[in-house]
file my_file.cif (mmCIF, C-alpha atoms and all ligand atoms)
data_data
#
loop_
_atom_site.label_atom_id
_atom_site.label_comp_id
_atom_site.auth_asym_id
_atom_site.auth_seq_id
_atom_site.Cartn_x
_atom_site.Cartn_y
_atom_site.Cartn_z
CA MET A 1 82.07 98.15 87.14
CA ALA A 2 81.24 94.91 88.82
CA ALA A 3 78.11 94.04 90.72
CA PRO A 4 78.70 91.98 93.87
CA LEU A 5 78.40 88.24 93.46
CA SER A 6 75.42 86.23 94.66
CA HIS A 7 75.99 83.85 97.56
CA ASP A 8 75.99 80.83 95.27
CA ARG A 9 78.30 82.41 92.71
CA LEU A 10 80.77 83.31 95.45
CA ILE A 11 80.82 79.68 96.54
CA SER A 12 81.28 78.38 93.01
CA ILE A 13 84.21 80.64 92.06
CA LEU A 14 86.07 79.72 95.25
CA LYS A 15 85.49 76.01 94.71
CA ALA A 16 86.65 76.29 91.09
CA GLU A 17 89.89 77.87 92.32
CA GLY A 18 90.49 74.91 94.66
CA VAL A 19 89.60 76.67 97.93
CA LYS A 20 88.23 74.58 100.79
CA ILE A 21 85.17 76.41 102.08
CA ALA A 22 82.70 76.42 104.95
CA GLU A 23 79.55 78.50 105.37
CA TYR A 24 79.14 80.34 108.68
CA PRO A 25 75.61 79.72 110.00
CA GLY A 26 73.31 82.53 108.87
CA TRP A 27 75.88 84.10 106.51
CA ARG A 28 73.37 84.47 103.69
CA ASP A 29 71.32 86.92 105.76
CA ARG A 30 74.20 88.82 107.30
CA GLU A 31 75.38 92.13 105.84
CA ARG A 32 75.47 95.83 106.65
CA ASP A 33 73.49 97.10 103.65
CA ASP A 34 70.10 97.45 105.36
CA GLU A 35 71.52 98.77 108.61
CA THR A 36 73.51 101.54 106.96
CA GLY A 37 71.25 102.22 103.99
CA LYS A 38 74.37 102.00 101.83
CA PRO A 39 74.22 99.10 99.37
CA PHE A 40 77.41 97.15 98.71
CA GLY A 41 79.05 97.69 95.32
CA PRO A 42 79.94 98.20 92.61
CA VAL A 43 83.10 96.41 93.70
CA HIS A 44 86.54 97.22 92.34
CA MET A 45 89.12 95.50 94.52
CA ILE A 46 89.99 92.96 97.18
CA LEU A 47 91.37 94.09 100.52
CA ASN A 48 93.53 91.75 102.60
CA HIS A 49 93.79 91.79 106.39
CA HIS A 50 95.18 89.88 109.34
CA THR A 51 92.86 89.28 112.28
CA ALA A 52 95.42 90.24 114.95
CA GLY A 53 94.06 87.47 117.12
CA THR A 54 93.16 83.81 117.44
CA ASN A 55 89.80 82.04 117.32
CA SER A 56 88.43 85.09 115.53
CA LEU A 57 85.85 83.39 113.33
CA ALA A 58 82.73 84.32 115.34
CA THR A 59 84.01 87.88 115.80
CA VAL A 60 84.61 88.31 112.07
CA ALA A 61 81.54 86.47 110.82
CA LYS A 62 78.94 87.75 113.26
CA ASN A 63 79.77 89.46 116.51
CA GLY A 64 82.03 92.30 115.47
CA VAL A 65 83.90 94.35 118.06
CA ALA A 66 82.93 97.31 120.24
CA GLY A 67 81.82 100.13 117.97
CA LEU A 68 82.07 97.98 114.84
CA PRO A 69 79.22 95.53 114.21
CA GLY A 70 79.84 92.35 112.24
CA PRO A 71 80.30 90.99 109.72
CA LEU A 72 83.90 92.23 109.61
CA ALA A 73 84.80 90.56 106.30
CA HIS A 74 83.39 88.50 103.47
CA ILE A 75 85.75 85.61 104.10
CA HIS A 76 87.60 84.41 107.20
CA LEU A 77 90.69 82.40 106.34
CA ALA A 78 91.87 79.98 109.03
CA LYS A 79 95.43 78.78 109.53
CA SER A 80 94.38 75.42 108.06
CA GLY A 81 93.51 77.13 104.76
CA LEU A 82 89.75 76.74 105.35
CA ALA A 83 87.84 79.76 104.02
CA THR A 84 84.61 80.45 105.87
CA LEU A 85 82.02 82.57 104.09
CA CYS A 86 80.78 85.36 106.35
CA SER A 87 78.83 87.70 104.05
CA ALA A 88 78.10 88.46 100.42
CA GLY A 89 76.97 92.00 101.18
CA ARG A 90 78.40 95.03 102.89
CA ALA A 91 80.94 94.23 105.63
CA ASN A 92 82.83 96.43 108.09
CA HIS A 93 86.44 95.76 107.13
CA ALA A 94 88.00 98.54 105.10
CA GLY A 95 87.12 101.81 106.82
CA ALA A 96 88.23 104.96 105.05
CA MET A 97 90.56 104.50 102.10
CA ALA A 98 92.87 107.20 100.81
CA LYS A 99 91.65 108.23 97.37
CA ASN A 100 95.13 108.18 95.81
CA ALA A 101 95.74 104.59 96.94
CA TYR A 102 92.24 103.43 96.03
CA THR A 103 92.49 104.98 92.56
CA SER A 104 95.67 102.99 91.91
CA PHE A 105 93.80 99.75 92.59
CA LEU A 106 90.73 100.89 90.68
CA ASN A 107 92.94 101.60 87.66
CA GLU A 108 95.03 98.45 88.22
CA ALA A 109 98.21 100.52 88.26
CA SER A 110 101.46 98.57 88.52
CA THR A 111 102.54 100.59 91.55
CA HIS A 112 100.53 101.72 94.53
CA PRO A 113 101.32 104.99 96.30
CA ALA A 114 101.32 105.28 100.07
CA PRO A 115 97.85 106.30 101.26
CA ALA A 116 97.62 110.08 101.63
CA LYS A 117 94.63 111.46 103.52
CA THR A 118 95.12 114.79 101.77
CA SER A 119 94.02 113.13 98.51
CA GLY A 120 90.56 112.63 100.00
CA THR A 121 88.90 109.43 101.15
CA VAL A 122 86.40 106.87 99.93
CA ASP A 123 84.33 104.41 101.98
CA GLY A 124 86.23 101.17 101.38
CA ASN A 125 83.26 99.11 102.51
CA ASP A 126 81.36 100.30 99.43
CA VAL A 127 83.88 99.03 96.92
CA SER A 128 85.98 96.14 98.21
CA TYR A 129 85.79 92.50 99.20
CA GLY A 130 87.51 91.85 102.53
CA ILE A 131 89.48 88.78 103.55
CA GLU A 132 90.42 88.41 107.23
CA THR A 133 93.34 86.01 107.50
CA GLU A 134 93.95 84.56 110.95
CA ASN A 135 97.31 85.71 112.30
CA LEU A 136 98.44 87.54 115.42
CA GLY A 137 100.09 90.21 113.30
CA ASN A 138 102.97 90.45 115.75
CA GLY A 139 105.58 89.90 113.06
CA THR A 140 106.53 86.43 114.31
CA ASP A 141 103.29 84.44 113.99
CA VAL A 142 103.65 82.40 110.78
CA TYR A 143 101.12 82.06 107.95
CA PRO A 144 101.27 78.29 107.23
CA ARG A 145 101.73 77.09 103.64
CA ALA A 146 98.11 75.93 103.30
CA GLN A 147 96.81 79.28 104.50
CA TYR A 148 98.92 81.37 102.12
CA ASP A 149 98.11 79.07 99.20
CA ALA A 150 94.37 79.53 99.89
CA TRP A 151 94.90 83.28 100.25
CA VAL A 152 96.39 83.49 96.76
CA ARG A 153 93.56 81.34 95.39
CA ILE A 154 90.82 83.50 96.95
CA ASN A 155 92.31 86.72 95.55
CA ALA A 156 92.73 85.07 92.15
CA ALA A 157 89.15 83.76 92.19
CA PHE A 158 87.76 87.30 92.41
CA CYS A 159 90.18 88.62 89.78
CA ARG A 160 89.36 85.78 87.39
CA GLU A 161 85.61 86.22 87.85
CA PHE A 162 85.67 89.97 87.26
CA GLY A 163 88.45 90.03 84.65
CA TRP A 164 90.68 92.05 86.97
CA SER A 165 94.47 91.92 87.09
CA ALA A 166 96.38 91.11 90.27
CA ASN A 167 96.78 94.86 90.73
CA SER A 168 93.23 94.84 92.08
CA CYS A 169 94.49 93.04 95.21
CA GLY A 170 95.45 95.37 98.03
CA ASP A 171 96.45 95.32 101.66
CA HIS A 172 94.62 97.23 104.39
CA LYS A 173 97.90 99.01 105.16
CA GLU A 174 98.13 100.11 101.51
CA THR A 175 94.81 101.98 101.61
CA SER A 176 94.07 102.90 105.21
CA VAL A 177 94.15 106.46 106.49
CA GLU A 178 93.68 105.13 110.01
CA GLY A 179 97.20 103.78 110.50
CA LYS A 180 96.40 100.11 109.87
CA ILE A 181 99.47 97.86 109.57
CA ASP A 182 97.87 94.68 108.28
CA PRO A 183 98.61 92.21 106.93
CA LYS A 184 102.17 91.37 107.90
CA GLY A 185 104.28 88.50 109.16
CA PRO A 186 106.33 85.54 107.93
CA VAL A 187 104.89 82.99 105.48
CA GLU A 188 106.01 79.38 105.91
CA SER A 189 106.40 78.68 102.17
CA TYR A 190 104.66 78.79 98.80
CA GLY A 191 105.28 76.65 95.73
CA THR A 192 109.03 76.06 95.64
CA ARG A 193 109.77 79.18 97.72
CA GLY A 194 110.84 78.79 101.34
CA ARG A 195 110.03 81.13 104.19
CA PHE A 196 109.46 84.75 103.20
CA ALA A 197 107.90 87.90 104.60
CA TYR A 198 104.34 88.66 103.51
CA SER A 199 104.04 91.68 101.22
CA GLY A 200 101.36 93.02 98.95
CA ASN A 201 103.78 92.98 96.03
CA GLN A 202 104.59 89.30 96.56
CA LEU A 203 100.90 88.39 96.90
CA ARG A 204 100.14 90.26 93.66
CA ALA A 205 102.98 88.46 91.88
CA ASP A 206 101.66 85.11 93.11
CA VAL A 207 98.10 85.98 92.08
CA ALA A 208 99.34 87.13 88.66
CA GLU A 209 101.11 83.80 88.19
CA ARG A 210 97.90 81.91 89.14
CA LEU A 211 95.90 83.93 86.66
CA ARG A 212 98.21 82.75 83.86
CA HIS A 213 96.92 79.21 84.55
CA VAL A 214 93.47 77.64 84.72
CA ALA A 215 91.54 77.91 87.99
CA SER A 216 92.28 74.29 88.92
CA TRP A 217 96.07 74.82 88.71
CA SER A 218 98.33 74.20 91.69
CA PRO A 219 101.85 75.58 91.96
CA SER A 220 104.65 73.04 91.74
CA THR A 221 106.17 72.20 95.08
CA THR A 222 109.12 70.29 93.64
CA VAL A 223 112.38 72.13 94.05
CA PRO A 224 114.30 71.79 90.75
CA PRO A 225 117.61 69.92 91.18
CA ALA A 226 120.73 72.06 91.28
CA PRO A 227 122.84 71.85 88.10
CA LYS A 228 125.39 69.03 88.38
CA PRO A 229 129.05 70.04 88.67
CA PRO A 230 131.14 68.88 85.65
CA THR A 231 132.69 65.41 85.92
CA THR A 232 136.48 65.01 86.11
CA ASP A 233 136.54 63.81 82.48
CA GLU A 234 134.62 66.88 81.34
CA ARG A 235 137.02 69.17 83.22
CA ILE A 236 140.07 67.44 81.69
CA THR A 237 138.58 67.74 78.20
CA ALA A 238 137.95 71.44 78.74
CA LEU A 239 141.52 71.96 79.98
CA GLU A 240 142.96 70.04 77.01
CA LYS A 241 141.02 72.29 74.62
CA ARG A 242 142.38 75.38 76.32
CA VAL A 243 145.97 74.06 76.18
CA ALA A 244 145.58 73.18 72.49
CA ALA A 245 144.25 76.70 71.81
CA LEU A 246 147.21 78.26 73.66
CA GLU A 247 149.69 76.11 71.74
CA LYS A 248 148.18 77.39 68.51
CA GLY A 249 148.90 80.89 69.77
CA ALA A 250 145.23 81.74 70.13
ZN ZN A 301 92.51 95.24 108.44
#

call {"tool": "encode", "arguments": {"input": "my_file.cif", "output": "structure tokens", "more": "lines below"}}
Ligand SMILES: [Zn+2]
result
Amino acid sequence: MAAPLSHDRLISILKAEGVKIAEYPGWRDRERDDETGKPFGPVHMILNHHTAGTNSLATVAKNGVAGLPGPLAHIHLAKSGLATLCSAGRANHAGAMAKNAYTSFLNEASTHPAPAKTSGTVDGNDVSYGIETENLGNGTDVYPRAQYDAWVRINAAFCREFGWSANSCGDHKETSVEGKIDPKGPVESYGTRGRFAYSGNQLRADVAERLRHVASWSPSTTVPPAPKPPTTDERITALEKRVAALEKGA
């Protein structure tokens, strides 16, 4: 069981993990706890999203959308890698989670079943931190390197603070009973890895790797050199040894 972090603690864990942050004006007073009468927490997981739009900061941090008042996440993550703090309280991001999927994150299971509505539902806004990552979500819009690197750091910052494993990091599509598809799309690169498709499993693997290092760690971006082919002399020597072995009747 983990109580939600204070505003200042949220800032300090993100900074320690090397995340560039901004504070959306008024974010310290913006949450959905009072309005709904449902206090945020205890928290048990992180839920990752794509915004399915551009210039979505004000929508996520404050304005919300028709039928869904803001804030729509705790953190908005821009393409530049800048994380803007939107709320430290209850936010409208998760909707209903399938109980079977949620339980797998709660228990930090190594696999996560497809969300089944028949297993029951939980209010995801009670129990999860939400990150809205700016991307069109059309399958071609790319998450730049700086954005994905910050995404891994933010997820790791929560896990490190609460003592959770990377199996506490989920995708909206992995919990939603409302047909959500986010997040998805190509990632430019990460560490020494070139372009790849975003997946929850890859994010969890990258968060797990981060958690094996100190918070200030950065992944190497140097591609290791390919092994050198043997020189002509080395090949001749190897051939001579084989001939000698054959002559001995080996
Ligand atoms: Zn979402």

call {"tool": "residues_near_ligand", "arguments": {"input": "my_file.cif", "ligand": "ligand ZN 301 (chain A)", "cutoff": "6 Å", "atoms": "only C-alpha atoms and all ligand atoms", "output": "MDAnalysis selection string"}}
result
chainID A and resid 49 172 182

call {"tool": "residues_near_point", "arguments": {"input": "my_file.cif", "point": "(97.5, 87.5, 101.8)", "cutoff": "8 Å", "atoms": "only C-alpha atoms", "output": "list in words"}}
result
Asn48, His49, Thr133, Tyr148, Trp151, Val152, Asp171, Pro183, Tyr198, Ser199, Gly200 and Leu203 of chain A

call {"tool": "residues_around", "arguments": {"input": "my_file.cif", "residues": "stretch 155-167 of chain A", "least_positions_apart": "5", "cutoff": "8 Å", "atoms": "only C-alpha atoms", "output": "PyMOL selection string"}}
result
chain A and resi 2+13-14+16-17+46+105+108-110+204-205+207-208+210-211+215

call {"tool": "atom_distance", "arguments": {"input": "my_file.cif", "atom1": "atom CA of A:Ser218", "atom2": "atom CA of A:Pro186"}}
result
21.4 Å

call {"tool": "closest_residue", "arguments": {"input": "my_file.cif", "among": "A:Ala197, A:Ile21, A:Met45, A:Val142", "to": "A:Pro4", "atoms": "only C-alpha atoms"}}
result
A:Met45

call {"tool": "closest_residue", "arguments": {"input": "my_file.cif", "among": "A:Val187, A:Ala94, A:Leu85, A:Ile181", "to": "A:Ala61", "atoms": "only C-alpha atoms"}}
result
A:Leu85

call {"tool": "residues_near_point", "arguments": {"input": "my_file.cif", "point": "(79.5, 79.4, 99.5)", "cutoff": "8 Å", "atoms": "only C-alpha atoms", "output": "PyMOL selection string"}}
result
chain A and resi 7-12+14+21-23+85

call {"tool": "write_last_selection", "arguments": {"input": "my_file.cif", "atoms": "C-alpha atoms", "output": "PDB file, in the frame of the given file"}}
result
ATOM      1  CA  HIS A   7      75.990  83.850  97.560  1.00  0.00           C
ATOM      2  CA  ASP A   8      75.990  80.830  95.270  1.00  0.00           C
ATOM      3  CA  ARG A   9      78.300  82.410  92.710  1.00  0.00           C
ATOM      4  CA  LEU A  10      80.770  83.310  95.450  1.00  0.00           C
ATOM      5  CA  ILE A  11      80.820  79.680  96.540  1.00  0.00           C
ATOM      6  CA  SER A  12      81.280  78.380  93.010  1.00  0.00           C
ATOM      7  CA  LEU A  14      86.070  79.720  95.250  1.00  0.00           C
ATOM      8  CA  ILE A  21      85.170  76.410 102.080  1.00  0.00           C
ATOM      9  CA  ALA A  22      82.700  76.420 104.950  1.00  0.00           C
ATOM     10  CA  GLU A  23      79.550  78.500 105.370  1.00  0.00           C
ATOM     11  CA  LEU A  85      82.020  82.570 104.090  1.00  0.00           C
TER      12      LEU A  85
END

call {"tool": "residues_around", "arguments": {"input": "my_file.cif", "residues": "A:Glu188", "least_positions_apart": "2", "cutoff": "7 Å", "atoms": "only C-alpha atoms", "output": "ChimeraX atom specification"}}
result
/A:142-145,186,194-196

call {"tool": "closest_residue", "arguments": {"input": "my_file.cif", "among": "A:Gly95, A:Gly81, A:Gly170, A:Gly64", "to": "A:Asp126", "atoms": "all atoms listed in the file"}}
result
A:Gly95

call {"tool": "closest_residue", "arguments": {"input": "my_file.cif", "among": "A:Ala146, A:Leu246, A:Ala58, A:Val43", "to": "A:Thr84", "atoms": "all atoms listed in the file"}}
result
A:Ala58

call {"tool": "atom_distance", "arguments": {"input": "my_file.cif", "atom1": "atom CA of A:Tyr102", "atom2": "atom CA of A:Lys117"}}
result
11.2 Å

call {"tool": "axis_aligned_box", "arguments": {"input": "my_file.cif", "around": "stretch 26-45 of chain A", "padding_each_side": "4 Å", "output": "JSON"}}
result
{"center_x": 79.6, "center_y": 92.4, "center_z": 100.6, "size_x": 27.0, "size_y": 27.7, "size_z": 24.5}

call {"tool": "closest_residue", "arguments": {"input": "my_file.cif", "among": "A:Asn55, A:Met97, A:Ser128, A:Gly26", "to": "A:Ala73", "atoms": "only C-alpha atoms"}}
result
A:Ser128

call {"tool": "closest_residue", "arguments": {"input": "my_file.cif", "among": "A:Lys20, A:Lys173, A:Lys62, A:Arg212", "to": "A:Ala150", "atoms": "only C-alpha atoms"}}
result
A:Lys20

call {"tool": "build_atoms", "arguments": {"input": "my_file.cif", "residues": "stretch 209-242 of chain A", "atoms": "N, CA and C atoms", "output": "PDB file, in the coordinates of the input"}}
result
ATOM      1  N   GLU A 209     100.663  85.090  88.721  1.00  0.00           N
ATOM      2  CA  GLU A 209     101.110  83.800  88.190  1.00  0.00           C
ATOM      3  C   GLU A 209      99.923  82.828  88.110  1.00  0.00           C
ATOM      4  N   ARG A 210      99.103  82.788  89.154  1.00  0.00           N
ATOM      5  CA  ARG A 210      97.900  81.910  89.140  1.00  0.00           C
ATOM      6  C   ARG A 210      97.003  82.225  87.965  1.00  0.00           C
ATOM      7  N   LEU A 211      96.834  83.522  87.709  1.00  0.00           N
ATOM      8  CA  LEU A 211      95.900  83.930  86.660  1.00  0.00           C
ATOM      9  C   LEU A 211      96.402  83.562  85.264  1.00  0.00           C
ATOM     10  N   ARG A 212      97.688  83.212  85.159  1.00  0.00           N
ATOM     11  CA  ARG A 212      98.210  82.750  83.860  1.00  0.00           C
ATOM     12  C   ARG A 212      97.873  81.276  83.635  1.00  0.00           C
ATOM     13  N   HIS A 213      97.300  80.622  84.651  1.00  0.00           N
ATOM     14  CA  HIS A 213      96.920  79.210  84.550  1.00  0.00           C
ATOM     15  C   HIS A 213      95.395  79.089  84.700  1.00  0.00           C
ATOM     16  N   VAL A 214      94.906  77.871  84.495  1.00  0.00           N
ATOM     17  CA  VAL A 214      93.470  77.640  84.720  1.00  0.00           C
ATOM     18  C   VAL A 214      93.198  77.616  86.219  1.00  0.00           C
ATOM     19  N   ALA A 215      91.921  77.772  86.575  1.00  0.00           N
ATOM     20  CA  ALA A 215      91.540  77.910  87.990  1.00  0.00           C
ATOM     21  C   ALA A 215      91.924  76.681  88.820  1.00  0.00           C
ATOM     22  N   SER A 216      91.994  75.521  88.173  1.00  0.00           N
ATOM     23  CA  SER A 216      92.280  74.290  88.920  1.00  0.00           C
ATOM     24  C   SER A 216      93.785  74.056  89.132  1.00  0.00           C
ATOM     25  N   TRP A 217      94.611  74.975  88.643  1.00  0.00           N
ATOM     26  CA  TRP A 217      96.070  74.820  88.710  1.00  0.00           C
ATOM     27  C   TRP A 217      96.570  74.857  90.152  1.00  0.00           C
ATOM     28  N   SER A 218      97.627  74.099  90.411  1.00  0.00           N
ATOM     29  CA  SER A 218      98.330  74.200  91.690  1.00  0.00           C
ATOM     30  C   SER A 218      99.801  74.445  91.414  1.00  0.00           C
ATOM     31  N   PRO A 219     100.434  75.326  92.194  1.00  0.00           N
ATOM     32  CA  PRO A 219     101.850  75.580  91.960  1.00  0.00           C
ATOM     33  C   PRO A 219     102.688  74.342  92.261  1.00  0.00           C
ATOM     34  N   SER A 220     103.741  74.158  91.498  1.00  0.00           N
ATOM     35  CA  SER A 220     104.650  73.040  91.740  1.00  0.00           C
ATOM     36  C   SER A 220     105.322  73.220  93.093  1.00  0.00           C
ATOM     37  N   THR A 221     105.473  72.125  93.804  1.00  0.00           N
ATOM     38  CA  THR A 221     106.170  72.200  95.080  1.00  0.00           C
ATOM     39  C   THR A 221     107.523  71.483  95.015  1.00  0.00           C
ATOM     40  N   THR A 222     107.857  71.008  93.810  1.00  0.00           N
ATOM     41  CA  THR A 222     109.120  70.290  93.640  1.00  0.00           C
ATOM     42  C   THR A 222     110.240  71.278  93.389  1.00  0.00           C
ATOM     43  N   VAL A 223     111.236  71.245  94.248  1.00  0.00           N
ATOM     44  CA  VAL A 223     112.380  72.130  94.050  1.00  0.00           C
ATOM     45  C   VAL A 223     113.230  71.556  92.924  1.00  0.00           C
ATOM     46  N   PRO A 224     113.501  72.346  91.852  1.00  0.00           N
ATOM     47  CA  PRO A 224     114.300  71.790  90.750  1.00  0.00           C
ATOM     48  C   PRO A 224     115.706  71.439  91.229  1.00  0.00           C
ATOM     49  N   PRO A 225     116.275  70.309  90.722  1.00  0.00           N
ATOM     50  CA  PRO A 225     117.610  69.920  91.180  1.00  0.00           C
ATOM     51  C   PRO A 225     118.653  70.951  90.757  1.00  0.00           C
ATOM     52  N   ALA A 226     119.641  71.132  91.607  1.00  0.00           N
ATOM     53  CA  ALA A 226     120.730  72.060  91.280  1.00  0.00           C
ATOM     54  C   ALA A 226     121.510  71.497  90.097  1.00  0.00           C
ATOM     55  N   PRO A 227     122.052  72.383  89.209  1.00  0.00           N
ATOM     56  CA  PRO A 227     122.840  71.850  88.100  1.00  0.00           C
ATOM     57  C   PRO A 227     124.032  71.055  88.614  1.00  0.00           C
ATOM     58  N   LYS A 228     124.300  69.911  87.924  1.00  0.00           N
ATOM     59  CA  LYS A 228     125.390  69.030  88.380  1.00  0.00           C
ATOM     60  C   LYS A 228     126.743  69.670  88.076  1.00  0.00           C
ATOM     61  N   PRO A 229     127.704  69.560  88.992  1.00  0.00           N
ATOM     62  CA  PRO A 229     129.050  70.040  88.670  1.00  0.00           C
ATOM     63  C   PRO A 229     129.651  69.156  87.569  1.00  0.00           C
ATOM     64  N   PRO A 230     130.561  69.693  86.721  1.00  0.00           N
ATOM     65  CA  PRO A 230     131.140  68.880  85.650  1.00  0.00           C
ATOM     66  C   PRO A 230     131.927  67.701  86.219  1.00  0.00           C
ATOM     67  N   THR A 231     131.925  66.589  85.488  1.00  0.00           N
ATOM     68  CA  THR A 231     132.690  65.410  85.920  1.00  0.00           C
ATOM     69  C   THR A 231     134.175  65.693  85.695  1.00  0.00           C
ATOM     70  N   THR A 232     135.039  64.848  86.278  1.00  0.00           N
ATOM     71  CA  THR A 232     136.480  65.010  86.110  1.00  0.00           C
ATOM     72  C   THR A 232     136.862  64.923  84.624  1.00  0.00           C
ATOM     73  N   ASP A 233     136.252  63.962  83.910  1.00  0.00           N
ATOM     74  CA  ASP A 233     136.540  63.810  82.480  1.00  0.00           C
ATOM     75  C   ASP A 233     136.194  65.080  81.709  1.00  0.00           C
ATOM     76  N   GLU A 234     135.045  65.667  82.040  1.00  0.00           N
ATOM     77  CA  GLU A 234     134.620  66.880  81.340  1.00  0.00           C
ATOM     78  C   GLU A 234     135.582  68.030  81.617  1.00  0.00           C
ATOM     79  N   ARG A 235     136.079  68.090  82.883  1.00  0.00           N
ATOM     80  CA  ARG A 235     137.020  69.170  83.220  1.00  0.00           C
ATOM     81  C   ARG A 235     138.346  68.983  82.490  1.00  0.00           C
ATOM     82  N   ILE A 236     138.807  67.715  82.399  1.00  0.00           N
ATOM     83  CA  ILE A 236     140.070  67.440  81.690  1.00  0.00           C
ATOM     84  C   ILE A 236     139.928  67.814  80.216  1.00  0.00           C
ATOM     85  N   THR A 237     138.816  67.416  79.607  1.00  0.00           N
ATOM     86  CA  THR A 237     138.580  67.740  78.200  1.00  0.00           C
ATOM     87  C   THR A 237     138.616  69.244  77.971  1.00  0.00           C
ATOM     88  N   ALA A 238     137.978  69.976  78.878  1.00  0.00           N
ATOM     89  CA  ALA A 238     137.950  71.440  78.740  1.00  0.00           C
ATOM     90  C   ALA A 238     139.357  72.019  78.853  1.00  0.00           C
ATOM     91  N   LEU A 239     140.129  71.474  79.800  1.00  0.00           N
ATOM     92  CA  LEU A 239     141.520  71.960  79.980  1.00  0.00           C
ATOM     93  C   LEU A 239     142.357  71.650  78.744  1.00  0.00           C
ATOM     94  N   GLU A 240     142.194  70.437  78.198  1.00  0.00           N
ATOM     95  CA  GLU A 240     142.960  70.040  77.010  1.00  0.00           C
ATOM     96  C   GLU A 240     142.667  70.987  75.834  1.00  0.00           C
ATOM     97  N   LYS A 241     141.393  71.377  75.706  1.00  0.00           N
ATOM     98  CA  LYS A 241     141.020  72.290  74.620  1.00  0.00           C
ATOM     99  C   LYS A 241     141.691  73.641  74.808  1.00  0.00           C
ATOM    100  N   ARG A 242     141.750  74.082  76.070  1.00  0.00           N
ATOM    101  CA  ARG A 242     142.380  75.380  76.320  1.00  0.00           C
ATOM    102  C   ARG A 242     143.886  75.331  76.032  1.00  0.00           C
TER     103      ARG A 242
END
